[in-house]
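Okay, start.pdb is below, PDB, C-alpha atoms:
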ATOM      1  CA  MET R   1     -32.650  38.068 143.625  1.00  0.00           C
ATOM      2  CA  ARG R   2     -29.410  39.898 143.026  1.00  0.00           C
ATOM      3  CA  VAL R   3     -27.691  37.793 145.741  1.00  0.00           C
ATOM      4  CA  LEU R   4     -28.923  34.620 144.086  1.00  0.00           C
ATOM      5  CA  LEU R   5     -27.541  35.664 140.690  1.00  0.00           C
ATOM      6  CA  THR R   6     -24.202  36.615 142.216  1.00  0.00           C
ATOM      7  CA  LEU R   7     -23.967  33.268 143.991  1.00  0.00           C
ATOM      8  CA  ALA R   8     -24.819  31.390 140.769  1.00  0.00           C
ATOM      9  CA  ALA R   9     -22.156  33.359 138.867  1.00  0.00           C
ATOM     10  CA  LEU R  10     -19.517  32.480 141.473  1.00  0.00           C
ATOM     11  CA  VAL R  11     -20.357  28.779 141.248  1.00  0.00           C
ATOM     12  CA  VAL R  12     -20.109  28.840 137.447  1.00  0.00           C
ATOM     13  CA  LEU R  13     -16.812  30.751 137.512  1.00  0.00           C
ATOM     14  CA  ALA R  14     -15.279  28.432 140.118  1.00  0.00           C
ATOM     15  CA  ALA R  15     -16.204  25.208 138.285  1.00  0.00           C
ATOM     16  CA  PRO R  16     -13.655  25.469 135.434  1.00  0.00           C
ATOM     17  CA  ALA R  17     -10.806  26.116 137.889  1.00  0.00           C
ATOM     18  CA  ALA R  18     -11.622  22.936 139.815  1.00  0.00           C
ATOM     19  CA  ALA R  19     -11.804  20.955 136.581  1.00  0.00           C
ATOM     20  CA  GLN R  20      -8.233  22.023 135.672  1.00  0.00           C
ATOM     21  CA  VAL R  21      -6.608  20.265 138.637  1.00  0.00           C
ATOM     22  CA  PRO R  22      -4.119  17.787 137.138  1.00  0.00           C
ATOM     23  CA  PRO R  23      -4.725  14.082 137.799  1.00  0.00           C
ATOM     24  CA  PRO R  24      -2.402  12.317 140.237  1.00  0.00           C
ATOM     25  CA  PRO R  25       0.723  10.780 138.670  1.00  0.00           C
ATOM     26  CA  PRO R  26       0.503   7.102 137.671  1.00  0.00           C
ATOM     27  CA  LYS R  27       1.816   4.546 140.130  1.00  0.00           C
ATOM     28  CA  PRO R  28       5.299   3.247 139.262  1.00  0.00           C
ATOM     29  CA  ALA R  29       5.738  -0.362 138.183  1.00  0.00           C
ATOM     30  CA  PRO R  30       6.645  -2.710 141.039  1.00  0.00           C
ATOM     31  CA  ALA R  31      10.364  -3.280 141.490  1.00  0.00           C
ATOM     32  CA  PRO R  32      11.801  -6.737 140.893  1.00  0.00           C
ATOM     33  CA  PRO R  33      12.184  -8.804 144.059  1.00  0.00           C
ATOM     34  CA  SER R  34      15.960  -8.353 144.124  1.00  0.00           C
ATOM     35  CA  GLY R  35      18.628  -6.323 142.390  1.00  0.00           C
ATOM     36  CA  TYR R  36      20.235  -9.597 141.370  1.00  0.00           C
ATOM     37  CA  GLY R  37      17.344 -10.869 139.240  1.00  0.00           C
ATOM     38  CA  ALA R  38      16.241 -14.485 139.292  1.00  0.00           C
ATOM     39  CA  TRP R  39      18.073 -17.039 141.431  1.00  0.00           C
ATOM     40  CA  PHE R  40      20.142 -19.811 139.858  1.00  0.00           C
ATOM     41  CA  GLY R  41      22.078 -21.069 142.891  1.00  0.00           C
ATOM     42  CA  SER R  42      25.557 -21.806 141.584  1.00  0.00           C
ATOM     43  CA  VAL R  43      28.833 -21.423 143.454  1.00  0.00           C
ATOM     44  CA  PRO R  44      31.393 -20.401 140.821  1.00  0.00           C
ATOM     45  CA  ASP R  45      35.087 -21.151 141.271  1.00  0.00           C
ATOM     46  CA  MET R  46      36.646 -17.687 140.927  1.00  0.00           C
ATOM     47  CA  ASP R  47      40.116 -19.114 140.185  1.00  0.00           C
ATOM     48  CA  ASN R  48      39.102 -21.681 137.577  1.00  0.00           C
ATOM     49  CA  SER R  49      36.593 -20.042 135.224  1.00  0.00           C
ATOM     50  CA  VAL R  50      38.250 -19.744 131.830  1.00  0.00           C
ATOM     51  CA  GLY R  51      35.906 -20.186 128.879  1.00  0.00           C
ATOM     52  CA  GLY R  52      32.789 -20.625 130.977  1.00  0.00           C
ATOM     53  CA  ILE R  53      31.799 -20.802 134.614  1.00  0.00           C
ATOM     54  CA  PHE R  54      33.444 -23.681 136.480  1.00  0.00           C
ATOM     55  CA  LEU R  55      31.248 -24.662 139.418  1.00  0.00           C
ATOM     56  CA  ALA R  56      32.829 -25.138 142.822  1.00  0.00           C
ATOM     57  CA  GLY R  57      29.375 -26.290 143.886  1.00  0.00           C
ATOM     58  CA  VAL R  58      25.656 -25.574 143.827  1.00  0.00           C
ATOM     59  CA  THR R  59      23.444 -24.383 146.643  1.00  0.00           C
ATOM     60  CA  GLU R  60      21.301 -27.042 148.333  1.00  0.00           C
ATOM     61  CA  GLY R  61      17.713 -26.842 147.036  1.00  0.00           C
ATOM     62  CA  SER R  62      18.606 -24.313 144.331  1.00  0.00           C
ATOM     63  CA  PRO R  63      17.289 -24.308 140.760  1.00  0.00           C
ATOM     64  CA  ALA R  64      20.769 -25.382 139.590  1.00  0.00           C
ATOM     65  CA  GLN R  65      20.782 -28.390 141.927  1.00  0.00           C
ATOM     66  CA  LYS R  66      17.201 -29.359 141.033  1.00  0.00           C
ATOM     67  CA  ALA R  67      18.211 -29.363 137.345  1.00  0.00           C
ATOM     68  CA  GLY R  68      21.085 -31.750 138.104  1.00  0.00           C
ATOM     69  CA  LEU R  69      24.057 -29.383 137.928  1.00  0.00           C
ATOM     70  CA  ARG R  70      26.874 -30.170 140.330  1.00  0.00           C
ATOM     71  CA  GLN R  71      30.404 -29.384 141.425  1.00  0.00           C
ATOM     72  CA  GLY R  72      32.891 -29.710 138.571  1.00  0.00           C
ATOM     73  CA  ASP R  73      30.463 -28.760 135.783  1.00  0.00           C
ATOM     74  CA  THR R  74      31.411 -25.846 133.523  1.00  0.00           C
ATOM     75  CA  ILE R  75      28.534 -23.660 132.303  1.00  0.00           C
ATOM     76  CA  LEU R  76      28.977 -22.621 128.662  1.00  0.00           C
ATOM     77  CA  LYS R  77      25.569 -21.154 127.714  1.00  0.00           C
ATOM     78  CA  MET R  78      22.431 -19.981 129.476  1.00  0.00           C
ATOM     79  CA  GLY R  79      19.204 -19.067 127.726  1.00  0.00           C
ATOM     80  CA  GLY R  80      20.922 -19.344 124.333  1.00  0.00           C
ATOM     81  CA  ALA R  81      23.665 -16.839 125.237  1.00  0.00           C
ATOM     82  CA  GLU R  82      27.366 -17.641 125.563  1.00  0.00           C
ATOM     83  CA  ILE R  83      28.529 -17.360 129.188  1.00  0.00           C
ATOM     84  CA  PRO R  84      32.276 -16.693 129.028  1.00  0.00           C
ATOM     85  CA  ASP R  85      32.484 -15.081 132.471  1.00  0.00           C
ATOM     86  CA  LEU R  86      30.593 -14.088 135.624  1.00  0.00           C
ATOM     87  CA  MET R  87      29.599 -10.697 134.181  1.00  0.00           C
ATOM     88  CA  ALA R  88      27.724 -12.393 131.322  1.00  0.00           C
ATOM     89  CA  MET R  89      26.008 -14.769 133.749  1.00  0.00           C
ATOM     90  CA  THR R  90      25.013 -11.930 136.088  1.00  0.00           C
ATOM     91  CA  THR R  91      23.676  -9.817 133.217  1.00  0.00           C
ATOM     92  CA  LEU R  92      21.565 -12.707 131.928  1.00  0.00           C
ATOM     93  CA  LEU R  93      20.117 -13.533 135.364  1.00  0.00           C
ATOM     94  CA  ARG R  94      19.273  -9.877 136.075  1.00  0.00           C
ATOM     95  CA  ALA R  95      17.144  -9.845 132.934  1.00  0.00           C
ATOM     96  CA  LYS R  96      15.161 -12.927 134.037  1.00  0.00           C
ATOM     97  CA  ARG R  97      12.371 -13.371 136.567  1.00  0.00           C
ATOM     98  CA  PRO R  98      11.653 -16.188 139.012  1.00  0.00           C
ATOM     99  CA  GLY R  99       9.673 -18.879 137.200  1.00  0.00           C
ATOM    100  CA  ASP R 100      11.426 -18.329 133.850  1.00  0.00           C
ATOM    101  CA  THR R 101      12.880 -21.484 132.309  1.00  0.00           C
ATOM    102  CA  ILE R 102      16.269 -21.276 130.608  1.00  0.00           C
ATOM    103  CA  GLU R 103      18.311 -23.927 128.836  1.00  0.00           C
ATOM    104  CA  VAL R 104      21.761 -24.373 130.355  1.00  0.00           C
ATOM    105  CA  VAL R 105      24.550 -25.944 128.302  1.00  0.00           C
ATOM    106  CA  PHE R 106      27.467 -27.255 130.346  1.00  0.00           C
ATOM    107  CA  LEU R 107      30.460 -29.574 130.237  1.00  0.00           C
ATOM    108  CA  ARG R 108      30.699 -32.636 132.458  1.00  0.00           C
ATOM    109  CA  ASP R 109      33.467 -35.192 132.007  1.00  0.00           C
ATOM    110  CA  HIS R 110      34.433 -33.524 128.701  1.00  0.00           C
ATOM    111  CA  LYS R 111      30.908 -34.061 127.315  1.00  0.00           C
ATOM    112  CA  GLU R 112      28.500 -31.263 126.489  1.00  0.00           C
ATOM    113  CA  LYS R 113      25.091 -31.601 128.129  1.00  0.00           C
ATOM    114  CA  GLN R 114      21.951 -29.467 128.230  1.00  0.00           C
ATOM    115  CA  VAL R 115      19.241 -29.123 130.894  1.00  0.00           C
ATOM    116  CA  PRO R 116      16.263 -26.834 131.436  1.00  0.00           C
ATOM    117  CA  VAL R 117      16.450 -24.797 134.652  1.00  0.00           C
ATOM    118  CA  ILE R 118      13.431 -23.113 136.246  1.00  0.00           C
ATOM    119  CA  LEU R 119      14.814 -19.998 137.934  1.00  0.00           C
ATOM    120  CA  GLY R 120      13.738 -19.227 141.478  1.00  0.00           C
ATOM    121  CA  VAL R 121      13.442 -16.471 144.050  1.00  0.00           C
ATOM    122  CA  ARG R 122      16.636 -15.717 145.937  1.00  0.00           C
ATOM    123  CA  PRO R 123      16.244 -16.853 149.567  1.00  0.00           C
ATOM    124  CA  GLY R 124      15.824 -14.002 152.013  1.00  0.00           C
ATOM    125  CA  THR R 125      14.295 -11.544 149.528  1.00  0.00           C
TER     126      THR R 125
END
Final structure tokens representation of the file:
Amino acid sequence: MRVLLTLAALVVLAAPAAAQVPPPPPKPAPAPPSGYGAWFGSVPDMDNSVGGIFLAGVTEGSPAQKAGLRQGDTILKMGGAEIPDLMAMTTLLRAKRPGDTIEVVFLRDHKEKQVPVILGVRPGT
């Protein structure tokens, strides 16, 4: 009988210690598909981008091409934000996800135009 009581006491004493084991840490949120954010697909002209992003071209099959942007256009705004330089464009795209739609305001033949662009996933990611 004494052995049975001792065994019962050990079980009761051990139970609270097992209950104090901390839970596993939560799983981190999944990382975005690329460090560059959503894909737009423009080819900026690095020597001719004053007051916007002058396009030397657009990538074949890219969101920019599908929206009708082409070589010679100058991007002025994206998603409602002024785009004076490549840093502003990069910052905006890093904050977006593939599938997001943004309005792009650009100049073509000295006329301001606006098109919606559905951002994509960068090829190879």
Do a neighbour search on Ile83 of chain R at 12 Å with all atoms listed in the file, toss out local chain neighbours closer than 2 positions, and write the hits as a VMD selection string. chain R and resid 49 to 54 74 to 81 85 to 93 104 to 106
Counting only C-alpha atoms, the residue among R:Gln71, R:Arg94, R:Glu60, R:Phe40 that lies closest to Gly120 of chain R is R:Phe40
Specify the axis-aligned box that encloses all atoms of segment 49-59 of chain R listed in the file after padding of 3 Å on each side, stating its centre and edge lengths in Å to one decimal as lines of an AutoDock Vina configuration file.
center_x = 30.8
center_y = -23.0
center_z = 137.8
size_x = 20.8
size_y = 12.5
size_z = 23.8
